[in-house]
file run.cif (mmCIF, C-alpha atoms)
data_structure
#
loop_
_atom_site.label_atom_id
_atom_site.label_comp_id
_atom_site.auth_asym_id
_atom_site.auth_seq_id
_atom_site.Cartn_x
_atom_site.Cartn_y
_atom_site.Cartn_z
CA MET R 1 -47.59 -6.99 32.01
CA SER R 2 -49.12 -3.64 31.10
CA ALA R 3 -49.57 -1.90 27.77
CA ALA R 4 -46.66 -1.70 25.38
CA LEU R 5 -44.53 1.41 25.44
CA PRO R 6 -44.69 3.72 22.38
CA ASP R 7 -41.65 3.41 20.11
CA ALA R 8 -40.59 7.00 20.82
CA GLU R 9 -40.39 6.23 24.55
CA ARG R 10 -38.61 2.98 23.90
CA ALA R 11 -36.09 4.88 21.75
CA ARG R 12 -35.38 7.28 24.64
CA TYR R 13 -34.65 4.35 26.93
CA VAL R 14 -32.38 2.56 24.45
CA LEU R 15 -30.56 5.84 23.81
CA ARG R 16 -29.67 6.10 27.51
CA LEU R 17 -28.03 2.69 27.43
CA ALA R 18 -26.28 3.50 24.15
CA ASP R 19 -24.92 6.85 25.36
CA THR R 20 -23.44 5.37 28.53
CA SER R 21 -21.56 2.72 26.50
CA LEU R 22 -20.46 5.25 23.90
CA VAL R 23 -19.20 7.85 26.39
CA VAL R 24 -17.20 5.27 28.37
CA ALA R 25 -15.75 3.90 25.11
CA GLN R 26 -14.56 7.38 24.20
CA GLN R 27 -13.08 7.94 27.68
CA LEU R 28 -11.12 4.68 27.58
CA GLY R 29 -10.04 5.35 24.01
CA ALA R 30 -8.44 8.58 25.25
CA CYS R 31 -6.25 6.52 27.62
CA ILE R 32 -4.54 4.70 24.76
CA GLY R 33 -0.87 5.60 24.75
CA HIS R 34 -1.11 6.91 28.32
CA ALA R 35 -1.64 3.72 30.34
CA PRO R 36 1.21 2.74 32.69
CA ALA R 37 2.17 -0.30 30.57
CA LEU R 38 1.56 -1.66 27.10
CA GLU R 39 -0.60 -4.50 28.48
CA GLU R 40 -2.90 -1.94 30.12
CA ASP R 41 -3.10 0.07 26.92
CA LEU R 42 -4.30 -3.11 25.21
CA GLY R 43 -6.70 -3.94 28.02
CA LEU R 44 -8.32 -0.50 28.03
CA ALA R 45 -8.44 -0.41 24.22
CA ASN R 46 -10.16 -3.78 24.05
CA ILE R 47 -12.74 -2.80 26.66
CA ALA R 48 -13.30 0.46 24.74
CA LEU R 49 -13.86 -1.55 21.57
CA ASP R 50 -16.46 -3.81 23.20
CA LEU R 51 -18.28 -0.77 24.59
CA LEU R 52 -18.16 0.98 21.24
CA GLY R 53 -19.62 -2.12 19.57
CA GLN R 54 -22.41 -2.30 22.16
CA GLY R 55 -23.02 1.42 21.78
CA ARG R 56 -23.27 1.11 18.01
CA LEU R 57 -25.81 -1.71 18.18
CA LEU R 58 -27.89 0.25 20.67
CA LEU R 59 -27.62 3.57 18.81
CA THR R 60 -28.69 1.94 15.55
CA TYR R 61 -31.70 0.41 17.29
CA ALA R 62 -32.60 3.69 19.01
CA GLY R 63 -32.47 5.44 15.62
CA GLU R 64 -34.80 2.86 14.08
CA LEU R 65 -37.29 3.13 16.94
CA GLU R 66 -37.20 6.90 16.80
CA GLY R 67 -38.12 6.76 13.11
CA ARG R 68 -36.66 10.13 12.20
CA GLY R 69 -34.03 8.76 9.86
CA ARG R 70 -31.10 9.18 12.24
CA ASP R 71 -28.50 6.41 12.04
CA GLU R 72 -25.67 5.64 14.49
CA VAL R 73 -23.45 8.28 12.89
CA ALA R 74 -26.05 11.05 13.23
CA LEU R 75 -26.81 10.08 16.82
CA ALA R 76 -23.17 9.80 17.91
CA PHE R 77 -21.69 12.79 16.13
CA LEU R 78 -24.45 15.29 15.50
CA ARG R 79 -26.18 15.66 18.84
CA GLU R 80 -25.44 18.47 21.30
CA PRO R 81 -24.31 17.71 24.87
CA GLY R 82 -27.80 18.46 26.23
CA GLU R 83 -29.23 15.73 24.01
CA PHE R 84 -26.95 13.05 25.47
CA VAL R 85 -28.58 10.89 28.12
CA ASN R 86 -25.65 8.88 29.51
CA LEU R 87 -25.17 8.30 33.23
CA SER R 88 -23.20 11.08 34.95
CA LEU R 89 -20.77 8.47 36.26
CA ALA R 90 -19.75 7.66 32.68
CA GLU R 91 -18.63 11.21 31.94
CA GLN R 92 -16.53 11.73 35.09
CA PRO R 93 -12.96 12.44 33.97
CA ASN R 94 -10.35 9.70 33.60
CA GLY R 95 -8.22 11.35 36.31
CA ASP R 96 -5.36 9.06 37.31
CA PHE R 97 -5.24 5.32 36.58
CA ALA R 98 -6.98 4.62 39.91
CA GLN R 99 -9.93 6.84 39.01
CA THR R 100 -10.25 5.36 35.51
CA LEU R 101 -10.32 1.83 36.90
CA MET R 102 -12.65 2.67 39.81
CA ARG R 103 -15.14 4.28 37.42
CA GLN R 104 -14.88 1.16 35.28
CA LEU R 105 -15.50 -1.16 38.24
CA LEU R 106 -18.63 0.74 39.30
CA LEU R 107 -19.98 0.75 35.73
CA ASP R 108 -18.99 -2.83 34.86
CA ALA R 109 -20.80 -4.20 37.91
CA TRP R 110 -23.88 -2.18 36.95
CA GLN R 111 -23.77 -3.26 33.29
CA ILE R 112 -23.57 -6.93 34.26
CA GLU R 113 -26.72 -6.60 36.39
CA LEU R 114 -28.43 -4.56 33.68
CA PHE R 115 -27.58 -6.86 30.77
CA GLU R 116 -28.47 -10.00 32.73
CA ALA R 117 -31.90 -8.47 33.36
CA LEU R 118 -32.27 -7.24 29.77
CA GLU R 119 -31.66 -10.77 28.48
CA ARG R 120 -35.23 -11.38 29.70
CA SER R 121 -36.62 -8.23 28.05
CA ALA R 122 -39.93 -8.45 26.17
CA ASP R 123 -38.03 -6.61 23.41
CA ALA R 124 -36.25 -9.37 21.46
CA ARG R 125 -33.72 -7.06 19.85
CA LEU R 126 -32.68 -5.54 23.18
CA ALA R 127 -32.49 -9.02 24.70
CA ALA R 128 -30.17 -10.20 21.90
CA ILE R 129 -27.84 -7.20 22.27
CA ALA R 130 -27.72 -7.76 26.05
CA ALA R 131 -27.04 -11.49 25.73
CA LYS R 132 -23.99 -10.67 23.63
CA ALA R 133 -22.80 -7.77 25.77
CA VAL R 134 -23.06 -9.49 29.15
CA LYS R 135 -20.41 -12.03 28.23
CA GLU R 136 -17.99 -9.28 27.26
CA THR R 137 -18.78 -7.25 30.38
CA ARG R 138 -17.79 -10.13 32.68
CA TYR R 139 -14.27 -9.79 31.31
CA HIS R 140 -14.35 -6.04 31.85
CA LEU R 141 -15.23 -6.53 35.50
CA ARG R 142 -12.50 -9.11 35.91
CA TYR R 143 -10.02 -6.55 34.62
CA SER R 144 -11.27 -3.48 36.51
CA GLY R 145 -11.87 -5.47 39.71
CA GLY R 146 -8.43 -7.04 39.50
CA TRP R 147 -6.81 -3.62 39.23
CA VAL R 148 -8.85 -2.08 42.04
CA VAL R 149 -7.72 -4.96 44.30
CA ARG R 150 -4.08 -4.52 43.28
CA LEU R 151 -4.17 -0.77 43.83
CA GLY R 152 -6.19 -0.87 47.04
CA ASP R 153 -4.14 -3.66 48.57
CA GLY R 154 -0.90 -2.21 47.16
CA THR R 155 1.29 0.60 48.44
CA ASP R 156 0.16 3.41 50.74
CA GLU R 157 0.17 5.72 47.73
CA SER R 158 -1.94 3.47 45.48
CA HIS R 159 -4.34 2.71 48.34
CA ALA R 160 -4.84 6.41 49.08
CA ARG R 161 -5.41 7.25 45.43
CA VAL R 162 -7.94 4.53 44.76
CA GLN R 163 -9.79 5.30 48.01
CA LEU R 164 -9.96 8.96 46.93
CA ALA R 165 -11.28 7.89 43.51
CA LEU R 166 -13.98 5.83 45.21
CA GLU R 167 -15.04 8.80 47.36
CA ARG R 168 -15.12 11.15 44.38
CA LEU R 169 -17.18 8.80 42.21
CA TRP R 170 -19.47 7.29 44.81
CA PRO R 171 -22.06 10.16 44.84
CA TYR R 172 -22.67 9.56 41.12
CA THR R 173 -23.75 5.95 41.72
CA ALA R 174 -27.13 6.99 43.21
CA GLU R 175 -28.36 7.83 39.70
CA LEU R 176 -27.90 4.20 38.64
CA PHE R 177 -30.75 3.07 40.88
CA ASP R 178 -33.10 6.08 41.03
CA ALA R 179 -35.99 5.44 38.65
CA ASP R 180 -37.76 8.21 36.78
CA ALA R 181 -41.08 8.04 34.91
CA LEU R 182 -39.49 6.56 31.77
CA GLU R 183 -37.78 3.75 33.67
CA GLU R 184 -40.95 3.03 35.65
CA ALA R 185 -42.81 2.67 32.34
CA VAL R 186 -40.05 0.48 30.86
CA ALA R 187 -40.21 -1.82 33.89
CA ALA R 188 -44.03 -1.92 33.80
CA ALA R 189 -43.92 -2.99 30.14
CA ALA R 190 -41.31 -5.70 30.98
CA LEU R 191 -38.90 -4.12 28.52
CA GLY R 192 -36.18 -3.62 31.10
CA PRO R 193 -35.46 -3.91 34.81
CA HIS R 194 -36.58 -1.45 37.42
CA PRO R 195 -33.33 0.39 38.27
CA ALA R 196 -33.78 -0.21 42.00
CA ALA R 197 -33.90 -3.96 41.39
CA LEU R 198 -30.29 -3.85 40.15
CA ALA R 199 -28.95 -2.36 43.38
CA PRO R 200 -28.53 -5.48 45.57
CA GLY R 201 -26.60 -7.42 42.92
CA TRP R 202 -24.47 -4.41 42.05
CA ARG R 203 -23.67 -3.72 45.67
CA ALA R 204 -22.67 -7.35 46.28
CA ARG R 205 -20.28 -7.37 43.31
CA VAL R 206 -18.74 -4.01 44.22
CA GLN R 207 -18.40 -4.87 47.91
CA GLU R 208 -16.69 -8.17 47.11
CA VAL R 209 -14.00 -6.25 45.24
CA LEU R 210 -13.73 -3.38 47.73
CA ALA R 211 -13.31 -5.83 50.62
CA GLN R 212 -10.44 -7.60 48.85
CA ALA R 213 -8.99 -4.21 48.01
CA THR R 214 -9.12 -3.17 51.71
CA LEU R 215 -11.10 -0.08 50.72
CA THR R 216 -13.74 1.64 52.83
CA LEU R 217 -17.24 2.12 51.47
CA PRO R 218 -18.18 5.82 51.56
CA ALA R 219 -21.27 6.95 53.46
CA PRO R 220 -24.42 7.43 51.39
CA ALA R 221 -24.66 10.97 50.01
CA SER R 222 -27.71 13.12 49.38
CA PHE R 223 -26.06 14.48 46.21
CA ARG R 224 -27.99 13.71 43.01
CA TRP R 225 -27.11 14.41 39.41
CA TYR R 226 -29.03 12.94 36.48
CA GLY R 227 -27.05 12.64 33.27
CA LYS R 228 -29.68 10.25 31.97
CA ARG R 229 -32.12 13.18 31.84
CA GLY R 230 -29.66 15.30 29.88
CA GLU R 231 -28.14 17.13 32.87
CA HIS R 232 -24.41 17.38 32.30
CA ASN R 233 -21.45 19.27 33.70
CA GLU R 234 -18.59 20.63 31.59
CA HIS R 235 -16.83 17.28 31.18
CA LEU R 236 -19.21 15.94 28.54
CA GLY R 237 -18.85 19.01 26.33
CA HIS R 238 -15.07 18.59 26.17
CA LEU R 239 -15.37 14.89 25.47
CA LEU R 240 -17.88 15.42 22.66
CA ALA R 241 -15.84 18.24 21.12
CA GLU R 242 -12.99 15.79 20.57
CA MET R 243 -15.23 12.91 19.54
CA GLN R 244 -17.35 14.87 17.09
CA ILE R 245 -14.89 17.30 15.48
CA LEU R 246 -14.14 15.23 12.40
CA GLN R 247 -17.75 14.53 11.47
CA ARG R 248 -18.77 18.12 12.17
CA THR R 249 -15.86 19.56 10.17
CA TYR R 250 -16.31 17.18 7.23
CA PRO R 251 -20.01 16.23 7.31
CA GLY R 252 -20.62 12.79 5.84
CA ALA R 253 -16.91 11.87 5.84
CA ARG R 254 -16.31 8.13 5.46
CA TRP R 255 -13.22 5.96 5.26
CA MET Q 1 -26.64 -14.85 -18.09
CA VAL Q 2 -25.82 -18.55 -17.93
CA VAL Q 3 -26.27 -19.99 -14.46
CA PRO Q 4 -23.55 -22.55 -13.65
CA SER Q 5 -25.34 -25.87 -13.27
CA ALA Q 6 -23.50 -26.75 -10.05
CA VAL Q 7 -25.20 -23.86 -8.29
CA SER Q 8 -28.77 -25.14 -8.35
CA GLY Q 9 -30.30 -27.80 -6.07
CA PRO Q 10 -28.45 -29.58 -3.26
CA GLN Q 11 -25.19 -29.18 -5.15
CA GLY Q 12 -25.68 -25.42 -4.84
CA ARG Q 13 -25.71 -25.69 -1.07
CA GLU Q 14 -22.66 -27.93 -1.08
CA ARG Q 15 -20.91 -25.49 -3.27
CA ALA Q 16 -21.77 -22.59 -0.96
CA GLU Q 17 -20.55 -24.60 2.03
CA ARG Q 18 -17.31 -25.34 0.23
CA VAL Q 19 -16.83 -21.62 -0.39
CA LEU Q 20 -17.46 -20.83 3.29
CA ARG Q 21 -14.64 -23.20 4.27
CA THR Q 22 -12.22 -21.17 2.15
CA VAL Q 23 -12.99 -17.76 3.68
CA MET Q 24 -10.49 -17.10 6.46
CA ASP Q 25 -10.73 -14.97 9.57
CA PRO Q 26 -8.84 -11.75 8.79
CA GLU Q 27 -7.04 -11.76 12.16
CA ILE Q 28 -6.25 -15.48 12.24
CA PRO Q 29 -5.72 -16.29 8.56
CA VAL Q 30 -5.46 -20.06 9.06
CA LEU Q 31 -8.91 -20.32 10.62
CA SER Q 32 -11.93 -20.51 8.30
CA LEU Q 33 -15.19 -18.79 9.21
CA HIS Q 34 -16.74 -22.25 9.26
CA ASP Q 35 -14.23 -23.42 11.90
CA LEU Q 36 -14.60 -20.17 13.84
CA GLY Q 37 -18.29 -21.05 14.13
CA VAL Q 38 -19.70 -17.67 13.16
CA ILE Q 39 -21.93 -18.90 10.31
CA ARG Q 40 -25.41 -19.11 11.80
CA SER Q 41 -27.50 -19.84 8.70
CA LEU Q 42 -27.18 -20.56 5.02
CA GLU Q 43 -30.00 -20.45 2.47
CA VAL Q 44 -29.35 -21.28 -1.15
CA ASP Q 45 -31.92 -20.78 -3.87
CA GLY Q 46 -30.56 -21.15 -7.38
CA ASN Q 47 -27.70 -18.72 -7.60
CA ARG Q 48 -29.10 -16.62 -4.77
CA VAL Q 49 -27.56 -17.09 -1.35
CA ARG Q 50 -28.25 -15.63 2.12
CA VAL Q 51 -25.75 -16.08 4.94
CA GLY Q 52 -26.42 -15.23 8.59
CA VAL Q 53 -23.24 -14.33 10.49
CA THR Q 54 -22.77 -13.63 14.19
CA PRO Q 55 -19.97 -11.36 15.46
CA THR Q 56 -17.50 -12.86 17.94
CA TYR Q 57 -17.38 -9.61 19.96
CA SER Q 58 -19.77 -6.64 19.64
CA GLY Q 59 -16.99 -4.28 18.64
CA CYS Q 60 -14.79 -6.65 16.68
CA PRO Q 61 -13.42 -4.62 13.74
CA ALA Q 62 -13.04 -7.85 11.75
CA THR Q 63 -16.83 -8.13 11.41
CA GLU Q 64 -17.05 -5.75 8.47
CA VAL Q 65 -14.03 -7.30 6.76
CA ILE Q 66 -15.60 -10.75 7.18
CA ARG Q 67 -18.82 -9.54 5.59
CA GLY Q 68 -16.96 -8.18 2.55
CA ALA Q 69 -14.85 -11.32 2.21
CA LEU Q 70 -17.95 -13.53 2.28
CA VAL Q 71 -19.69 -11.54 -0.42
CA ALA Q 72 -16.58 -11.57 -2.63
CA ALA Q 73 -15.95 -15.30 -2.21
CA LEU Q 74 -19.56 -16.32 -2.86
CA ARG Q 75 -19.71 -14.10 -5.96
CA ALA Q 76 -16.48 -15.66 -7.21
CA GLY Q 77 -18.07 -19.05 -6.48
CA GLY Q 78 -20.83 -18.38 -9.00
CA PHE Q 79 -23.57 -16.87 -6.82
CA ASP Q 80 -24.66 -13.50 -8.11
CA ALA Q 81 -27.21 -12.48 -5.50
CA VAL Q 82 -25.39 -12.60 -2.18
CA GLU Q 83 -26.84 -11.27 1.04
CA VAL Q 84 -24.95 -11.33 4.34
CA PHE Q 85 -26.86 -10.36 7.49
CA ASP Q 86 -26.08 -10.19 11.23
CA VAL Q 87 -27.49 -12.67 13.70
CA LEU Q 88 -27.13 -11.62 17.36
CA ARG Q 89 -28.85 -14.50 19.07
CA PRO Q 90 -27.68 -17.08 19.94
CA ALA Q 91 -24.59 -15.03 20.72
CA TRP Q 92 -21.27 -16.46 19.57
CA SER Q 93 -19.53 -18.64 22.10
CA SER Q 94 -16.03 -20.07 22.07
CA ALA Q 95 -17.84 -23.44 22.24
CA ASP Q 96 -18.84 -22.76 18.60
CA LEU Q 97 -15.26 -23.36 17.43
CA THR Q 98 -15.08 -26.70 15.63
CA PRO Q 99 -12.64 -29.41 16.86
CA GLU Q 100 -10.66 -28.80 13.64
CA GLY Q 101 -10.66 -25.08 14.43
CA ARG Q 102 -9.22 -25.73 17.90
CA ALA Q 103 -6.45 -27.93 16.48
CA THR Q 104 -5.69 -25.30 13.83
CA LEU Q 105 -5.42 -22.59 16.48
CA GLU Q 106 -2.96 -24.59 18.54
CA SER Q 107 -0.74 -25.46 15.58
CA TYR Q 108 -0.78 -21.75 14.65
CA GLY Q 109 0.54 -20.86 18.12
CA ILE Q 110 -2.70 -19.77 19.80
CA ALA Q 111 -3.86 -21.85 22.77
CA PRO Q 112 -7.52 -22.85 22.19
CA PRO Q 113 -10.17 -21.94 24.81
CA GLN Q 114 -10.69 -24.21 27.81
CA GLU Q 115 -13.64 -24.44 30.22
CA PRO Q 116 -16.83 -23.43 28.42
CA VAL Q 117 -18.58 -22.27 31.62
CA HIS Q 118 -18.26 -18.88 33.22
CA SER Q 119 -18.23 -18.26 36.92
CA THR Q 120 -20.52 -15.42 37.91
CA ARG Q 121 -18.22 -14.39 40.74
CA ALA Q 122 -16.59 -11.06 40.11
CA LEU Q 123 -12.95 -12.02 39.79
CA ALA Q 124 -13.12 -15.71 38.93
CA GLY Q 125 -13.73 -17.61 35.72
CA GLY Q 126 -12.66 -17.08 32.13
CA GLY Q 127 -10.62 -20.25 31.83
CA SER Q 128 -6.93 -20.61 31.15
CA PRO Q 129 -4.89 -22.48 28.55
CA ARG Q 130 -4.30 -26.18 29.11
CA ARG Q 131 -0.76 -26.02 27.77
CA CYS Q 132 1.75 -23.93 25.85
CA PRO Q 133 1.01 -24.24 22.13
CA ARG Q 134 4.75 -24.29 21.36
CA CYS Q 135 6.38 -26.73 23.81
CA HIS Q 136 3.18 -28.18 25.32
CA GLY Q 137 4.43 -27.35 28.82
CA THR Q 138 1.65 -26.90 31.38
CA ASP Q 139 3.31 -24.31 33.62
CA VAL Q 140 1.87 -21.10 32.17
CA GLU Q 141 1.08 -17.64 33.56
CA CYS Q 142 -1.24 -14.84 32.47
CA LEU Q 143 0.51 -11.61 31.45
CA SER Q 144 -2.59 -9.69 30.40
CA GLU Q 145 -6.31 -10.43 30.30
CA PHE Q 146 -6.46 -8.69 26.94
CA GLY Q 147 -4.15 -9.47 24.05
CA SER Q 148 -3.76 -8.25 20.49
CA THR Q 149 -7.50 -8.63 19.78
CA PRO Q 150 -10.56 -8.67 22.10
CA CYS Q 151 -10.85 -12.48 21.77
CA LYS Q 152 -7.36 -13.20 23.10
CA ALA Q 153 -5.40 -12.96 26.36
CA LEU Q 154 -1.62 -12.86 26.62
CA TYR Q 155 0.18 -15.71 28.41
CA ARG Q 156 3.76 -16.85 28.94
CA CYS Q 157 5.11 -20.37 29.26
CA ARG Q 158 7.41 -20.79 32.26
CA GLY Q 159 8.98 -23.82 30.53
CA CYS Q 160 10.12 -22.41 27.17
CA HIS Q 161 9.72 -18.76 28.32
CA GLU Q 162 7.86 -17.85 25.12
CA PRO Q 163 4.81 -15.57 25.25
CA PHE Q 164 1.71 -16.81 23.45
CA ASP Q 165 -1.90 -15.84 22.78
CA TYR Q 166 -4.78 -17.64 24.45
CA PHE Q 167 -8.17 -17.63 22.73
CA LYS Q 168 -10.50 -16.71 25.59
CA CYS Q 169 -13.72 -18.45 26.55
CA LEU Q 170 -16.76 -16.36 25.78
#
call {"tool": "encode", "arguments": {"input": "run.cif", "output": "structure tokens"}}
result
Amino acid sequence: MSAALPDAERARYVLRLADTSLVVAQQLGACIGHAPALEEDLGLANIALDLLGQGRLLLTYAGELEGRGRDEVALAFLREPGEFVNLSLAEQPNGDFAQTLMRQLLLDAWQIELFEALERSADARLAAIAAKAVKETRYHLRYSGGWVVRLGDGTDESHARVQLALERLWPYTAELFDADALEEAVAAAALGPHPAALAPGWRARVQEVLAQATLTLPAPASFRWYGKRGEHNEHLGHLLAEMQILQRTYPGARW
Amino acid sequence: MVVPSAVSGPQGRERAERVLRTVMDPEIPVLSLHDLGVIRSLEVDGNRVRVGVTPTYSGCPATEVIRGALVAALRAGGFDAVEVFDVLRPAWSSADLTPEGRATLESYGIAPPQEPVHSTRALAGGGSPRRCPRCHGTDVECLSEFGSTPCKALYRCRGCHEPFDYFKCL
């Protein structure tokens, strides 16, 4: 184990994890009232709620580590798009039901691997948050995986749509496992896993579902986009505009 | 201010415990927080009390209501310095429900959790209800993995045809 990471660096890492959970929570929240059946509305809402809870715990911790007096509200509602460091996969649009569920499958499988590794983090607070979150995430994967199987192994139409969703989203999965200097330092300090170490477990979980769903794994792509470094396309701006409008219009509003 | 004598010493702890058994879960109003198994620690010192509480799910909206209810009940019980704090580890598990809590859930119409262990395989695990809480029939089917709250799934009994909630394993 090497030297401990400065709190400011640790805060940047925790913020990445927080932003991914928060952005997906907001995306799934936007599906409420639009899912194909009431049961799916409830399912997506409950997953959104878990992710929001995880995001809040992580944001609060990131704010404390940062030491600039920003709480979860300031971090969620008062940062600009360029300051968000979520994975690009998280901000890809909901699209149709197939795309929403495929995005969820790819992220759920990653979060399970991540949280299982973080349970062993040298950072006790991060380990406690992960230990809680991993149990919830197993249910998320059961739901998203179940739907991907049903759609993939369903009608010609549902199969084609979910295969298309997989091909659209697949290029964004490279970011999940490409380490940058911050993640190398986090791994060296035993605070979190090396991103590349999560790949085999993630791939096994995803492939198990895709095989049952009769879907074809896309070829590896050279495309790279790094949301976790603050690189975003237009989707995040629209999402944040809706998420932040109340707090920006009525600063400090509470209810 | 006069401190009620029952609040100091071991009686104080007993009294605090008695109060905790009267505070109900806001979503399942027949289930006390004690039976839900979310109370992680209790320290009583004179009329000062500190309670450690763990959330059932990270995003459960009941968590803040529970905190407020605990403070109010302990104040009404004669404690004037009440502190409620979050405990994340060990994380709450459905195995923390007391046997009384499980029986209460079933009589309220919610099937209690079965199978405390999770499978790590992608689409397996999670447990399923042993029987319908209404007619006790064992032929049941899952309608939705997620029910009215994050902690429940929606099932239907093929015997009496009634839908019912199942308290999931976590």
call {"tool": "residues_around", "arguments": {"input": "run.cif", "residues": "Glu116 of chain R", "least_positions_apart": "4", "cutoff": "8 Å", "atoms": "all atoms listed in the file", "output": "list in words"}}
result
Ile112, Arg120, Ala130, Ala131 and Val134 of chain R
call {"tool": "residues_near_point", "arguments": {"input": "run.cif", "point": "(-33.1, -16.8, -5.7)", "cutoff": "10 Å", "atoms": "only C-alpha atoms", "output": "JSON, numbers by chain"}}
result
{"Q": [8, 43, 44, 45, 46, 47, 48, 49, 50, 79, 80, 81, 82]}
call {"tool": "write_last_selection", "arguments": {"input": "run.cif", "atoms": "C-alpha atoms", "output": "compact mmCIF listing (two decimals), in the frame of the given file"}}
result
# COMPACT_ATOMS: atom_id res chain seq x y z
CA SER Q 8 -28.77 -25.14 -8.35
CA GLU Q 43 -30.00 -20.45 2.47
CA VAL Q 44 -29.35 -21.28 -1.15
CA ASP Q 45 -31.92 -20.78 -3.87
CA GLY Q 46 -30.56 -21.15 -7.38
CA ASN Q 47 -27.70 -18.72 -7.60
CA ARG Q 48 -29.10 -16.62 -4.77
CA VAL Q 49 -27.56 -17.09 -1.35
CA ARG Q 50 -28.25 -15.63 2.12
CA PHE Q 79 -23.57 -16.87 -6.82
CA ASP Q 80 -24.66 -13.50 -8.11
CA ALA Q 81 -27.21 -12.48 -5.50
CA VAL Q 82 -25.39 -12.60 -2.18
call {"tool": "residues_around", "arguments": {"input": "run.cif", "residues": "segment 229-240 of chain R", "least_positions_apart": "4", "cutoff": "6 Å", "atoms": "only C-alpha atoms", "output": "PyMOL selection string"}}
result
chain R and resi 81-85+91+244
call {"tool": "write_last_selection", "arguments": {"input": "run.cif", "atoms": "C-alpha atoms", "output": "compact mmCIF listing (two decimals), in the frame of the given file"}}
result
# COMPACT_ATOMS: atom_id res chain seq x y z
CA PRO R 81 -24.31 17.71 24.87
CA GLY R 82 -27.80 18.46 26.23
CA GLU R 83 -29.23 15.73 24.01
CA PHE R 84 -26.95 13.05 25.47
CA VAL R 85 -28.58 10.89 28.12
CA GLU R 91 -18.63 11.21 31.94
CA GLN R 244 -17.35 14.87 17.09
call {"tool": "interface_residues", "arguments": {"input": "run.cif", "of": "chain Q", "to": "chain R", "cutoff": "6 Å", "atoms": "all atoms listed in the file", "output": "PyMOL selection string"}}
result
chain Q and resi 58-59+88-89+91+123+144+146+150
call {"tool": "atom_distance", "arguments": {"input": "run.cif", "atom1": "atom CA of Glu100 of chain Q", "atom2": "atom CA of Val53 of chain Q"}}
result
19.4 Å
call {"tool": "resolve_selection", "arguments": {"input": "run.cif", "expression": "the PyMOL selection byres ((chain R and resi 179) around 12)", "output": "PyMOL selection string"}}
result
chain R and resi 13+174-178+180-188+192-199+226+228-229
call {"tool": "residues_around", "arguments": {"input": "run.cif", "residues": "Ala219 of chain R", "least_positions_apart": "2", "cutoff": "10 Å", "atoms": "all atoms listed in the file", "output": "CSV table (one decimal) with C-alpha atoms, in the frame of the given file"}}
result
chain,number,residue,atom,x,y,z
R,167,GLU,CA,-15.0,8.8,47.4
R,170,TRP,CA,-19.5,7.3,44.8
R,171,PRO,CA,-22.1,10.2,44.8
R,216,THR,CA,-13.7,1.6,52.8
R,217,LEU,CA,-17.2,2.1,51.5
R,221,ALA,CA,-24.7,11.0,50.0
R,222,SER,CA,-27.7,13.1,49.4
